[in-house]
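Enquirer: My structure is in query.txt, and what it holds is compact mmCIF, C-alpha atoms and all ligand atoms:
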```txt
# COMPACT_ATOMS: atom_id res chain seq x y z
CA MET L 801 17.32 -12.05 30.46
CA SER L 802 17.84 -8.90 28.36
CA ASP L 803 15.28 -6.06 28.43
CA ILE L 804 14.27 -6.99 24.86
CA ASP L 805 13.75 -10.67 25.75
CA ALA L 806 11.67 -9.66 28.77
CA LEU L 807 9.45 -7.47 26.57
CA ILE L 808 9.06 -10.26 23.99
CA LEU L 809 7.99 -12.67 26.72
CA ARG L 810 5.47 -10.25 28.21
CA ARG L 811 4.12 -9.57 24.74
CA GLN L 812 3.72 -13.27 23.98
CA MET L 813 1.82 -13.80 27.22
CA VAL L 814 -0.84 -11.24 26.31
CA LEU L 815 -0.77 -10.92 22.49
CA GLY L 816 -0.03 -14.54 21.61
CA ARG L 817 3.14 -16.18 20.35
CA ASN L 818 2.40 -15.44 16.71
CA SER L 819 1.68 -11.73 16.84
CA PRO L 820 4.30 -10.88 14.18
CA LEU L 821 7.51 -9.01 14.90
CA PHE L 822 10.08 -7.90 12.33
CA TYR L 823 13.68 -9.18 12.30
CA ASP L 824 15.53 -12.04 14.01
CA ARG L 825 16.35 -9.52 16.74
CA PRO L 826 13.13 -7.51 17.20
CA LEU L 827 13.41 -3.78 17.73
CA HIS L 828 12.04 -1.73 20.60
CA LEU L 829 11.46 1.66 19.02
CA VAL L 830 10.48 4.58 21.21
CA ARG L 831 10.74 7.75 19.11
CA GLY L 832 10.69 8.97 15.51
CA GLU L 833 11.52 12.10 13.55
CA GLY L 834 11.47 12.57 9.77
CA ALA L 835 12.92 9.43 8.18
CA TRP L 836 14.56 8.26 11.43
CA VAL L 837 13.41 6.13 14.33
CA TYR L 838 15.22 5.56 17.63
CA ASP L 839 15.38 2.54 19.93
CA ALA L 840 15.24 2.52 23.71
CA THR L 841 19.03 2.91 23.94
CA GLY L 842 18.93 6.03 21.74
CA ARG L 843 20.35 4.27 18.65
CA ALA L 844 19.12 5.75 15.34
CA TYR L 845 17.73 3.63 12.48
CA LEU L 846 17.00 4.93 8.99
CA ASP L 847 13.39 3.98 8.24
CA VAL L 848 13.18 2.73 4.64
CA TYR L 849 10.08 0.65 5.26
CA ASN L 850 7.23 2.59 6.82
CA ASN L 851 4.85 4.23 4.36
CA VAL L 852 2.25 5.25 6.97
CA PRO L 853 4.21 8.24 8.36
CA CYS L 854 4.30 9.54 4.79
CA VAL L 855 5.29 13.14 5.56
CA GLY L 856 7.82 11.96 8.15
CA HIS L 857 7.56 10.53 11.65
CA CYS L 858 5.87 12.94 14.05
CA HIS L 859 5.65 15.81 11.55
CA PRO L 860 5.05 18.89 13.76
CA HIS L 861 2.22 20.27 11.59
CA VAL L 862 0.27 16.98 11.75
CA VAL L 863 1.02 16.50 15.47
CA ASP L 864 -0.18 20.03 16.19
CA ALA L 865 -3.39 19.63 14.12
CA ILE L 866 -4.26 16.38 15.92
CA ALA L 867 -3.43 17.78 19.36
CA ARG L 868 -5.41 20.98 18.85
CA GLN L 869 -8.52 19.18 17.57
CA THR L 870 -8.28 16.51 20.30
CA ALA L 871 -8.23 19.28 22.88
CA THR L 872 -11.25 21.00 21.29
CA LEU L 873 -13.87 18.40 20.30
CA ASN L 874 -13.96 14.83 19.03
CA LEU L 875 -17.28 13.29 18.03
CA HIS L 876 -18.74 11.17 15.25
CA THR L 877 -20.01 12.47 11.91
CA ARG L 878 -23.69 12.91 12.75
CA TYR L 879 -23.06 16.58 13.55
CA LEU L 880 -21.94 19.30 11.17
CA ASP L 881 -18.17 19.73 11.20
CA GLU L 882 -16.41 22.37 9.14
CA THR L 883 -13.05 20.53 9.02
CA LEU L 884 -14.59 17.31 7.73
CA ILE L 885 -16.42 19.11 4.94
CA ALA L 886 -13.35 21.16 3.98
CA TYR L 887 -11.19 18.02 4.04
CA ALA L 888 -13.61 16.06 1.85
CA GLU L 889 -13.76 18.99 -0.60
CA ARG L 890 -9.98 19.23 -0.75
CA LEU L 891 -9.43 15.47 -1.07
CA THR L 892 -12.02 14.88 -3.78
CA GLY L 893 -10.66 17.93 -5.62
CA LEU L 894 -7.51 15.88 -6.22
CA PHE L 895 -9.40 13.29 -8.32
CA ALA L 896 -10.56 13.40 -11.93
CA ASP L 897 -14.25 13.39 -12.82
CA PRO L 898 -16.49 11.64 -11.96
CA LEU L 899 -14.78 10.86 -8.64
CA ASP L 900 -16.28 13.63 -6.53
CA SER L 901 -17.42 12.13 -3.21
CA VAL L 902 -15.79 10.32 -0.33
CA MET L 903 -16.97 7.94 2.40
CA LEU L 904 -14.49 7.77 5.26
CA THR L 905 -13.46 4.69 7.20
CA CYS L 906 -10.84 3.84 9.85
CA SER L 907 -8.79 1.31 7.88
CA GLY L 908 -7.95 0.14 4.39
CA THR L 909 -9.86 -3.06 5.14
CA GLU L 910 -13.04 -1.12 5.88
CA ALA L 911 -12.54 0.97 2.74
CA ASN L 912 -12.23 -2.14 0.55
CA GLU L 913 -15.19 -3.85 2.27
CA LEU L 914 -17.29 -0.77 1.67
CA ALA L 915 -16.14 -0.62 -1.95
CA LEU L 916 -17.19 -4.24 -2.48
CA ARG L 917 -20.59 -3.55 -0.88
CA LEU L 918 -21.03 -0.52 -3.13
CA ALA L 919 -19.95 -2.40 -6.26
CA ARG L 920 -22.37 -5.23 -5.52
CA PHE L 921 -25.17 -2.75 -4.78
CA ILE L 922 -24.61 -0.76 -8.00
CA THR L 923 -24.04 -3.69 -10.38
CA GLY L 924 -26.34 -6.30 -8.86
CA GLY L 925 -23.48 -8.77 -9.33
CA GLN L 926 -21.56 -10.72 -6.67
CA GLY L 927 -18.39 -11.78 -8.50
CA ILE L 928 -14.95 -10.40 -7.55
CA ILE L 929 -11.69 -10.65 -9.47
CA VAL L 930 -8.33 -10.11 -7.74
CA SER L 931 -4.69 -10.80 -8.55
CA ASP L 932 -3.29 -14.15 -7.48
CA LEU L 933 -0.85 -12.52 -5.05
CA SER L 934 -3.03 -9.88 -3.46
CA TYR L 935 -3.77 -8.49 -0.03
CA HIS L 936 -6.64 -6.06 0.43
CA GLY L 937 -7.45 -6.43 4.12
CA ASN L 938 -8.30 -8.59 7.10
CA SER L 939 -12.12 -8.89 7.13
CA THR L 940 -13.77 -12.23 6.44
CA ILE L 941 -14.23 -11.61 2.71
CA LEU L 942 -10.93 -9.82 2.12
CA ALA L 943 -8.90 -12.39 4.08
CA SER L 944 -10.43 -15.16 2.01
CA LEU L 945 -9.32 -13.35 -1.18
CA ALA L 946 -5.74 -12.83 0.04
CA SER L 947 -3.01 -15.01 -1.35
CA ALA L 948 -0.10 -12.68 -0.52
CA PHE L 949 -0.72 -13.34 3.20
CA PRO L 950 -2.96 -16.43 3.18
CA GLY L 951 -4.95 -16.88 6.35
CA GLY L 952 -6.19 -20.41 5.77
CA GLU L 953 -9.68 -19.41 4.64
CA LEU L 954 -11.12 -21.10 1.56
CA PHE L 955 -10.94 -18.99 -1.60
CA PRO L 956 -14.59 -18.03 -2.17
CA SER L 957 -16.68 -19.48 -4.98
CA PHE L 958 -17.78 -15.94 -5.99
CA ALA L 959 -14.15 -14.90 -6.71
CA ARG L 960 -11.50 -15.59 -9.33
CA ALA L 961 -7.76 -14.81 -9.22
CA VAL L 962 -5.70 -13.73 -12.23
CA ARG L 963 -1.93 -13.99 -12.44
CA VAL L 964 0.06 -10.85 -11.61
CA PRO L 965 1.57 -9.52 -14.84
CA ASP L 966 5.33 -9.66 -14.26
CA PRO L 967 7.30 -9.08 -17.47
CA VAL L 968 10.61 -10.08 -15.85
CA HIS L 969 9.41 -13.63 -15.31
CA ASP L 970 6.58 -14.12 -17.77
CA ARG L 971 7.68 -12.37 -20.96
CA GLN L 972 8.61 -15.53 -22.86
CA GLY L 973 9.71 -13.52 -25.89
CA ARG L 974 6.46 -11.58 -26.12
CA THR L 975 6.18 -7.86 -26.89
CA ASP L 976 4.50 -5.51 -24.38
CA ALA L 977 1.32 -5.54 -26.48
CA GLU L 978 1.25 -9.35 -26.63
CA LEU L 979 1.91 -9.56 -22.91
CA ALA L 980 -0.87 -7.10 -22.06
CA ALA L 981 -3.31 -9.00 -24.27
CA ALA L 982 -2.31 -12.38 -22.77
CA PHE L 983 -2.76 -11.19 -19.18
CA ALA L 984 -6.00 -9.34 -19.96
CA ALA L 985 -7.28 -12.56 -21.55
CA GLN L 986 -7.07 -14.06 -18.05
CA VAL L 987 -9.47 -11.37 -16.81
CA GLN L 988 -11.87 -12.29 -19.64
CA ALA L 989 -11.53 -15.95 -18.67
CA ALA L 990 -12.31 -15.04 -15.04
CA VAL L 991 -15.44 -13.12 -16.09
CA ASP L 992 -16.53 -16.06 -18.27
CA SER L 993 -15.83 -18.60 -15.56
CA LEU L 994 -17.94 -16.64 -13.04
CA LYS L 995 -20.70 -16.39 -15.62
CA ALA L 996 -20.57 -20.13 -16.24
CA ASP L 997 -21.34 -20.54 -12.51
CA GLY L 998 -24.25 -18.10 -12.78
CA ILE L 999 -22.31 -15.24 -11.13
CA GLN L 1000 -22.23 -11.77 -12.62
CA VAL L 1001 -18.98 -9.87 -12.03
CA ALA L 1002 -19.32 -6.96 -9.57
CA ALA L 1003 -15.73 -5.77 -9.40
CA LEU L 1004 -12.14 -6.08 -10.38
CA LEU L 1005 -10.39 -5.24 -7.08
CA MET L 1006 -6.78 -4.46 -7.89
CA ASP L 1007 -3.84 -2.30 -6.87
CA SER L 1008 -2.71 -1.06 -10.29
CA PHE L 1009 0.78 -0.53 -8.79
CA PHE L 1010 0.87 -4.14 -7.46
CA ALA L 1011 2.52 -3.14 -4.18
CA ASN L 1012 1.92 -6.38 -2.29
CA GLU L 1013 2.63 -8.38 -5.44
CA GLY L 1014 6.31 -7.34 -5.44
CA LEU L 1015 6.19 -4.25 -7.69
CA PRO L 1016 6.43 -5.87 -11.14
CA ASP L 1017 7.26 -3.45 -13.95
CA PRO L 1018 4.00 -2.16 -15.45
CA VAL L 1019 2.75 -3.94 -18.58
CA SER L 1020 1.53 -1.04 -20.65
CA GLY L 1021 -2.14 -1.44 -21.61
CA TYR L 1022 -2.85 -4.29 -19.18
CA VAL L 1023 -4.93 -2.31 -16.68
CA GLU L 1024 -6.82 -0.48 -19.44
CA GLN L 1025 -7.73 -3.69 -21.24
CA SER L 1026 -8.68 -5.52 -18.05
CA VAL L 1027 -10.92 -2.70 -16.87
CA GLU L 1028 -12.59 -2.51 -20.28
CA ILE L 1029 -13.37 -6.24 -20.13
CA VAL L 1030 -14.83 -5.96 -16.61
CA ARG L 1031 -16.91 -2.87 -17.44
CA LYS L 1032 -18.25 -4.50 -20.60
CA ALA L 1033 -19.43 -7.38 -18.43
CA GLY L 1034 -21.23 -4.93 -16.10
CA GLY L 1035 -18.59 -4.80 -13.33
CA LEU L 1036 -16.64 -1.92 -11.75
CA PHE L 1037 -12.95 -1.24 -11.24
CA ILE L 1038 -12.01 -0.73 -7.58
CA CYS L 1039 -8.45 0.56 -7.48
CA ASP L 1040 -6.82 -0.16 -4.11
CA GLU L 1041 -4.56 2.84 -3.47
CA VAL L 1042 -3.96 2.06 0.18
CA GLN L 1043 -0.25 1.85 -0.64
CA SER L 1044 0.16 3.67 -3.94
CA GLY L 1045 -1.74 6.86 -3.12
CA PHE L 1046 -0.63 10.22 -1.70
CA ALA L 1047 2.37 10.90 -3.98
CA ARG L 1048 4.16 7.65 -3.19
CA THR L 1049 4.99 6.93 -6.85
CA GLY L 1050 6.47 10.39 -7.42
CA ASP L 1051 5.04 10.76 -10.91
CA ALA L 1052 1.46 11.22 -9.74
CA MET L 1053 -0.64 11.79 -6.65
CA TRP L 1054 -2.51 8.52 -7.29
CA GLY L 1055 -1.17 5.25 -8.61
CA HIS L 1056 -4.00 4.80 -11.09
CA GLN L 1057 -2.94 8.01 -12.89
CA LEU L 1058 0.11 6.09 -14.12
CA THR L 1059 -2.19 3.72 -16.02
CA GLY L 1060 -4.38 6.32 -17.73
CA VAL L 1061 -7.52 4.65 -16.33
CA THR L 1062 -9.92 6.47 -14.01
CA PRO L 1063 -11.30 3.84 -11.63
CA ASP L 1064 -14.96 3.64 -10.61
CA ILE L 1065 -13.93 3.49 -6.95
CA VAL L 1066 -10.60 4.32 -5.31
CA THR L 1067 -9.77 3.07 -1.82
CA LEU L 1068 -7.31 4.89 0.43
CA GLY L 1069 -5.69 4.33 3.82
CA LYS L 1070 -2.28 3.91 5.42
CA PRO L 1071 -0.57 7.34 4.81
CA MET L 1072 -3.81 9.32 4.84
CA GLY L 1073 -3.47 10.51 8.47
CA ASN L 1074 0.33 10.01 8.84
CA GLY L 1075 -0.45 7.34 11.46
CA TYR L 1076 -3.77 8.57 12.82
CA PRO L 1077 -6.39 6.06 11.52
CA VAL L 1078 -7.93 7.72 8.46
CA ALA L 1079 -9.04 5.75 5.39
CA GLY L 1080 -11.80 5.96 2.84
CA MET L 1081 -13.39 5.32 -0.50
CA VAL L 1082 -13.67 7.91 -3.27
CA THR L 1083 -16.35 7.46 -5.92
CA ARG L 1084 -19.31 9.13 -7.70
CA ARG L 1085 -21.83 11.23 -5.79
CA ASP L 1086 -24.90 9.62 -7.38
CA TRP L 1087 -23.71 6.16 -6.26
CA VAL L 1088 -22.93 7.40 -2.74
CA ASP L 1089 -26.42 8.92 -2.59
CA ARG L 1090 -28.15 5.74 -3.77
CA PHE L 1091 -26.05 3.48 -1.54
CA GLY L 1092 -26.43 5.81 1.45
CA ALA L 1093 -30.21 5.80 1.11
CA ALA L 1094 -30.34 2.01 0.94
CA SER L 1095 -27.65 1.08 3.49
CA ARG L 1096 -27.71 3.89 6.07
CA TYR L 1097 -23.93 3.35 6.40
CA PHE L 1098 -22.45 4.65 9.64
CA ASN L 1099 -18.98 4.24 11.12
CA THR L 1100 -18.51 5.53 14.67
CA PHE L 1101 -14.89 6.69 14.48
CA ALA L 1102 -14.49 7.34 10.75
CA GLY L 1103 -14.12 10.93 9.64
CA ASN L 1104 -14.35 12.32 13.15
CA PRO L 1105 -13.01 15.86 13.64
CA VAL L 1106 -9.56 14.63 14.70
CA ALA L 1107 -9.35 12.27 11.69
CA ALA L 1108 -10.37 15.13 9.40
CA ALA L 1109 -7.79 17.45 10.99
CA ALA L 1110 -5.06 14.80 10.56
CA GLY L 1111 -6.03 14.17 6.93
CA MET L 1112 -6.12 17.88 6.17
CA ALA L 1113 -2.71 18.44 7.78
CA VAL L 1114 -1.19 15.64 5.68
CA LEU L 1115 -2.52 17.15 2.46
CA SER L 1116 -1.16 20.57 3.50
CA VAL L 1117 2.33 19.19 4.13
CA ILE L 1118 2.32 17.23 0.85
CA GLU L 1119 1.51 20.47 -0.96
CA ARG L 1120 3.70 22.87 1.04
CA GLU L 1121 6.82 20.70 1.05
CA ASP L 1122 6.33 19.54 -2.55
CA ILE L 1123 6.49 15.96 -1.35
CA GLN L 1124 5.59 14.50 -4.75
CA ALA L 1125 8.60 16.16 -6.42
CA ASN L 1126 10.85 14.83 -3.63
CA SER L 1127 9.44 11.36 -4.14
CA ARG L 1128 10.16 11.54 -7.88
CA ARG L 1129 13.65 13.04 -7.52
CA VAL L 1130 14.97 10.90 -4.66
CA GLY L 1131 13.26 7.82 -6.09
CA ALA L 1132 15.16 8.22 -9.38
CA HIS L 1133 18.40 8.73 -7.43
CA VAL L 1134 17.94 5.62 -5.31
CA ARG L 1135 16.97 3.42 -8.27
CA ALA L 1136 20.08 4.55 -10.17
CA GLY L 1137 22.09 3.64 -7.06
CA LEU L 1138 20.47 0.21 -6.88
CA GLN L 1139 21.28 -0.36 -10.57
CA ALA L 1140 24.91 0.50 -9.82
CA LEU L 1141 24.87 -1.96 -6.90
CA SER L 1142 23.45 -4.65 -9.19
CA ALA L 1143 26.48 -4.25 -11.47
CA LYS L 1144 28.74 -4.88 -8.46
CA HIS L 1145 26.61 -7.59 -6.80
CA PRO L 1146 25.08 -9.90 -9.44
CA ILE L 1147 22.69 -11.37 -6.85
CA ILE L 1148 20.57 -8.24 -7.56
CA ALA L 1149 18.79 -9.51 -10.67
CA ASN L 1150 16.48 -6.56 -11.26
CA VAL L 1151 15.50 -3.21 -9.76
CA ARG L 1152 11.84 -2.29 -9.47
CA GLY L 1153 9.41 0.43 -8.53
CA ARG L 1154 8.71 4.08 -8.97
CA GLY L 1155 9.18 7.16 -6.80
CA LEU L 1156 9.82 6.26 -3.19
CA PHE L 1157 8.42 2.74 -3.52
CA PHE L 1158 11.26 0.62 -4.82
CA GLY L 1159 12.59 -2.90 -4.68
CA ALA L 1160 15.22 -5.28 -5.99
CA GLU L 1161 14.88 -8.98 -6.71
CA LEU L 1162 17.63 -11.29 -5.47
CA ILE L 1163 18.38 -14.37 -7.60
CA ARG L 1164 21.15 -16.94 -7.19
CA PRO L 1165 23.58 -17.77 -10.02
CA ASP L 1166 21.58 -20.98 -10.71
CA GLY L 1167 18.42 -18.87 -11.29
CA SER L 1168 16.66 -19.85 -8.06
CA PRO L 1169 15.09 -17.17 -5.82
CA ALA L 1170 17.57 -16.10 -3.13
CA ASP L 1171 15.02 -16.12 -0.29
CA VAL L 1172 17.46 -17.13 2.47
CA GLU L 1173 19.99 -14.50 1.36
CA THR L 1174 17.22 -11.86 1.20
CA LYS L 1175 16.31 -12.56 4.82
CA GLN L 1176 19.99 -12.47 5.85
CA LEU L 1177 20.49 -9.16 4.06
CA ILE L 1178 17.47 -7.56 5.75
CA ASN L 1179 18.62 -8.70 9.20
CA ARG L 1180 22.19 -7.57 8.58
CA MET L 1181 20.96 -4.15 7.46
CA ARG L 1182 18.79 -3.89 10.56
CA ASP L 1183 21.89 -4.64 12.66
CA ASN L 1184 23.65 -1.85 10.76
CA GLY L 1185 20.86 0.65 11.38
CA VAL L 1186 18.72 0.55 8.20
CA LEU L 1187 15.17 -0.85 8.17
CA ILE L 1188 13.79 -2.58 5.06
CA SER L 1189 11.65 -5.67 4.37
CA ARG L 1190 10.72 -8.06 1.57
CA ALA L 1191 7.79 -9.20 -0.60
CA GLY L 1192 6.95 -11.28 -3.68
CA ARG L 1193 5.87 -14.81 -4.52
CA ASN L 1194 9.22 -16.19 -3.30
CA SER L 1195 9.95 -13.62 -0.57
CA ASN L 1196 13.10 -12.59 -2.46
CA ILE L 1197 12.19 -9.03 -3.45
CA LEU L 1198 13.50 -6.25 -1.21
CA LYS L 1199 10.60 -3.96 -0.31
CA MET L 1200 11.44 -0.34 0.42
CA ARG L 1201 9.01 2.55 0.92
CA PRO L 1202 10.40 5.18 3.29
CA PRO L 1203 8.62 8.28 4.60
CA LEU L 1204 8.35 10.63 1.60
CA VAL L 1205 10.70 13.17 3.19
CA PHE L 1206 13.54 10.73 2.42
CA SER L 1207 16.50 12.75 1.14
CA THR L 1208 19.32 11.95 -1.30
CA ASP L 1209 21.64 11.78 1.74
CA ASN L 1210 19.30 9.20 3.29
CA ALA L 1211 19.32 7.31 -0.03
CA ASP L 1212 23.14 7.31 -0.15
CA HIS L 1213 23.25 6.00 3.41
CA LEU L 1214 20.82 3.20 2.49
CA LEU L 1215 22.90 2.27 -0.56
CA SER L 1216 26.17 2.25 1.37
CA VAL L 1217 24.77 0.02 4.15
CA MET L 1218 23.23 -2.28 1.54
CA ASP L 1219 26.53 -2.46 -0.36
CA ASP L 1220 28.34 -3.63 2.81
CA ALA L 1221 25.59 -6.12 3.68
CA LEU L 1222 25.64 -7.58 0.13
CA ALA L 1223 29.42 -7.93 0.28
CA ALA L 1224 29.06 -9.89 3.52
CA LEU L 1225 26.51 -12.40 2.13
C1 LIG R 1301 -2.96 -2.78 -0.70
C2 LIG R 1301 -3.58 -2.87 0.67
N1 LIG R 1301 -4.91 -2.74 0.78
C3 LIG R 1301 -5.52 -2.81 1.97
C4 LIG R 1301 -4.82 -3.04 3.14
C5 LIG R 1301 -5.53 -3.12 4.45
O1 LIG R 1301 -5.37 -1.94 5.16
P1 LIG R 1301 -5.55 -1.92 6.76
O2 LIG R 1301 -4.44 -2.71 7.37
O3 LIG R 1301 -5.51 -0.45 7.10
O4 LIG R 1301 -6.88 -2.51 7.05
C6 LIG R 1301 -3.43 -3.17 3.07
C7 LIG R 1301 -2.64 -3.39 4.30
O5 LIG R 1301 -1.51 -3.79 4.31
C8 LIG R 1301 -2.80 -3.09 1.80
O6 LIG R 1301 -1.47 -3.24 1.67
```
Kindly return the structure encoded in the file as structure tokens.
Expert:
Amino acid sequence: MSDIDALILRRQMVLGRNSPLFYDRPLHLVRGEGAWVYDATGRAYLDVYNNVPCVGHCHPHVVDAIARQTATLNLHTRYLDETLIAYAERLTGLFADPLDSVMLTCSGTEANELALRLARFITGGQGIIVSDLSYHGNSTILASLASAFPGGELFPSFARAVRVPDPVHDRQGRTDAELAAAFAAQVQAAVDSLKADGIQVAALLMDSFFANEGLPDPVSGYVEQSVEIVRKAGGLFICDEVQSGFARTGDAMWGHQLTGVTPDIVTLGKPMGNGYPVAGMVTRRDWVDRFGAASRYFNTFAGNPVAAAAGMAVLSVIEREDIQANSRRVGAHVRAGLQALSAKHPIIANVRGRGLFFGAELIRPDGSPADVETKQLINRMRDNGVLISRAGRNSNILKMRPPLVFSTDNADHLLSVMDDALAAL
């Protein structure tokens, strides 16, 4: 039995047979640096998948901040802590009015749960609207809303799902304006349907960048119109930025800035601590005050001094290394490269995304989704030292979101390995 097979067996014995692992031949990674990770034999892999280590694997400034604070003091937030306050000031300073306060959590799930509690508290409603291919977390409520990774729970009677606006597949000869209106009409129908059941809408919970939905091209005006409909009905817009935040899209620090809509609540997670668990919810101070007084919310590990130090270090690196500009520049380079590949390999039907969150949809000549080929491609690229994954309704959209220190050289390496793997399909 190989070392890898032995590890897989041991893992199955204690974590269960279905604890997911990537790739037909799972990887045993032991070290990371920048955009690279290394397996137990010392082989290097270019990481084009992991968005959590956003400023690069094991960035020395973040490592040092965490290590120093861990060696000094680590407690919960019921004591005064200078770093936490400074971090919250700096983070909220990156949002437009009236988003001026933050409540910290340990995961994106907790942030979205808290956002739903807040929305229900503020509006008095219970209804929730999500996209029909969403994932917002693993708690009881959020898992029941998830159709991107369905967990078997019943879709709740207080929720409605609206179709993801995907112009590539749903245009049917319509202009952008007609498309936006048609999709927004589904949000109105969801509000009306809740109302017909005696349920007032509390929130539209949506990632305006549609990361888990397979990165459809934005339908200009869709988010604005949908949010207007929900607000008119007394609900709030919770924008899930767990994936699209922290300069990922290149053109903005936050994904919602690309839509022109300022959400009522923004939820954050994944890249926030470069791997240390930091997540949270940004919203208005008066709501936080009212909710805090009524709920006495407390979260043992959230916002502790080490979490605050990690979060602060990430923001410093994003600023110092001009990470957003890199995301924009290298993202444009890689998308141009993918377009060139699509001319050579017609199985690439369209290229998607923005900044360093990009994808490509694979379609067969007969128009059917090339799901089997997508899986083969991903495994072949893994064998050739490049890590990517897939998403979408038919699991045929390549999903790529490397650490934001990804360089044009890294991008060229990705494109060259993908070119070879496509040729071998
Ligand atoms: C858009 C989005 N929201 C929320 C979550 C949940 O975050 P966490 O796994 O930190 O609970 C995820 C996780 O994949 C996500 O992709």
Enquirer: Would you kindly return, as a PyMOL selection string, each protein, DNA or RNA residue with an atom no farther than 10 Å from any atom of L:Pro1071, considering only C-alpha atoms and excluding same-chain residues fewer than 3 positions away?
Expert: chain L and resi 850-855+1042-1048+1068+1074-1079+1111+1114+1203
Enquirer: For atom CA of L:Asn1126 and atom CA of L:Met1200, determine how far apart the two atoms are, in Å to one decimal place.
Expert: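 We find that atom CA of L:Asn1126 and atom CA of L:Met1200 lie 15.7 Å from each other.
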Enquirer: Give me the chain L side of the contact with ligand LIG 1301 (chain R), cut-off 9 Å, one line per residue showing its nearest atom pair and distance in Å at one decimal, counting all atoms listed in the file, sorted by chain and residue number, as a Markdown table.
Expert:
```
| residue | atom | partner | partner_atom | distance |
| --- | --- | --- | --- | --- |
| L:Cys906 | CA | R:LIG1301 | O3 | 7.4 |
| L:Ser907 | CA | R:LIG1301 | O3 | 3.8 |
| L:Gly908 | CA | R:LIG1301 | O1 | 3.4 |
| L:Thr909 | CA | R:LIG1301 | O4 | 3.6 |
| L:Glu910 | CA | R:LIG1301 | O4 | 6.4 |
| L:Ala911 | CA | R:LIG1301 | O4 | 7.9 |
| L:Asn912 | CA | R:LIG1301 | C3 | 6.9 |
| L:Ser934 | CA | R:LIG1301 | C1 | 7.6 |
| L:Tyr935 | CA | R:LIG1301 | C2 | 5.7 |
| L:His936 | CA | R:LIG1301 | N1 | 3.8 |
| L:Gly937 | CA | R:LIG1301 | C5 | 3.8 |
| L:Asn938 | CA | R:LIG1301 | O4 | 6.2 |
| L:Ser939 | CA | R:LIG1301 | O4 | 8.3 |
| L:Leu942 | CA | R:LIG1301 | C3 | 8.9 |
| L:Met1006 | CA | R:LIG1301 | C1 | 8.3 |
| L:Asp1007 | CA | R:LIG1301 | C1 | 6.3 |
| L:Phe1010 | CA | R:LIG1301 | C1 | 7.9 |
| L:Ala1011 | CA | R:LIG1301 | C1 | 6.5 |
| L:Asn1012 | CA | R:LIG1301 | O6 | 6.1 |
| L:Asp1040 | CA | R:LIG1301 | C1 | 5.8 |
| L:Glu1041 | CA | R:LIG1301 | C1 | 6.5 |
| L:Val1042 | CA | R:LIG1301 | N1 | 4.9 |
| L:Gln1043 | CA | R:LIG1301 | C1 | 5.4 |
| L:Ser1044 | CA | R:LIG1301 | C1 | 7.9 |
| L:Thr1067 | CA | R:LIG1301 | N1 | 8.0 |
| L:Leu1068 | CA | R:LIG1301 | N1 | 8.0 |
| L:Gly1069 | CA | R:LIG1301 | O3 | 5.8 |
| L:Lys1070 | CA | R:LIG1301 | O3 | 5.7 |
| L:Pro1077 | CA | R:LIG1301 | O3 | 7.9 |
| L:Val1078 | CA | R:LIG1301 | O3 | 8.6 |
| L:Ala1079 | CA | R:LIG1301 | O3 | 7.3 |
```
Enquirer: I need the residues from that last selection saved to file as a CSV table (one decimal), keeping the file's coordinate frame (with C-alpha atoms), if you can.
Expert:
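Okay, this is what ended up in again37.csv:
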```csv
chain,number,residue,atom,x,y,z
L,906,CYS,CA,-10.8,3.8,9.8
L,907,SER,CA,-8.8,1.3,7.9
L,908,GLY,CA,-8.0,0.1,4.4
L,909,THR,CA,-9.9,-3.1,5.1
L,910,GLU,CA,-13.0,-1.1,5.9
L,911,ALA,CA,-12.5,1.0,2.7
L,912,ASN,CA,-12.2,-2.1,0.6
L,934,SER,CA,-3.0,-9.9,-3.5
L,935,TYR,CA,-3.8,-8.5,0.0
L,936,HIS,CA,-6.6,-6.1,0.4
L,937,GLY,CA,-7.4,-6.4,4.1
L,938,ASN,CA,-8.3,-8.6,7.1
L,939,SER,CA,-12.1,-8.9,7.1
L,942,LEU,CA,-10.9,-9.8,2.1
L,1006,MET,CA,-6.8,-4.5,-7.9
L,1007,ASP,CA,-3.8,-2.3,-6.9
L,1010,PHE,CA,0.9,-4.1,-7.5
L,1011,ALA,CA,2.5,-3.1,-4.2
L,1012,ASN,CA,1.9,-6.4,-2.3
L,1040,ASP,CA,-6.8,-0.2,-4.1
L,1041,GLU,CA,-4.6,2.8,-3.5
L,1042,VAL,CA,-4.0,2.1,0.2
L,1043,GLN,CA,-0.2,1.8,-0.6
L,1044,SER,CA,0.2,3.7,-3.9
L,1067,THR,CA,-9.8,3.1,-1.8
L,1068,LEU,CA,-7.3,4.9,0.4
L,1069,GLY,CA,-5.7,4.3,3.8
L,1070,LYS,CA,-2.3,3.9,5.4
L,1077,PRO,CA,-6.4,6.1,11.5
L,1078,VAL,CA,-7.9,7.7,8.5
L,1079,ALA,CA,-9.0,5.8,5.4
```
Enquirer: What does the structure give for the distance between atom CA of L:Thr841 and atom CA of L:Gly1073, in Å to one decimal?
Expert: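 These two atoms are separated by 28.3 Å.
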Enquirer: Give as a ChimeraX atom specification every residue, naming chains and numbers as the document does, that has an atom within 12 Å of (22.8, 3.4, 20.3), counting only C-alpha atoms.
Expert: /L:828-829,837-845,1183-1185
Enquirer: Have a look at atom CA of L:Ile1148 and atom CA of L:Arg1193 and let me know their distance in Å, one decimal.
Expert: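 We find that atom CA of L:Ile1148 and atom CA of L:Arg1193 lie 16.4 Å from each other.
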Enquirer: Please list as a list of chain:residue names every residue within 10 Å of stretch 995-998 of chain L, counting all atoms listed in the file and excluding residues in the same chain fewer than 5 positions away.
Expert: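 Contacts, with the query itself left out: L:Gly925, L:Gln926, L:Gly927, L:Ser957, L:Phe958, L:Ala989, L:Ala990, L:Ala1033.
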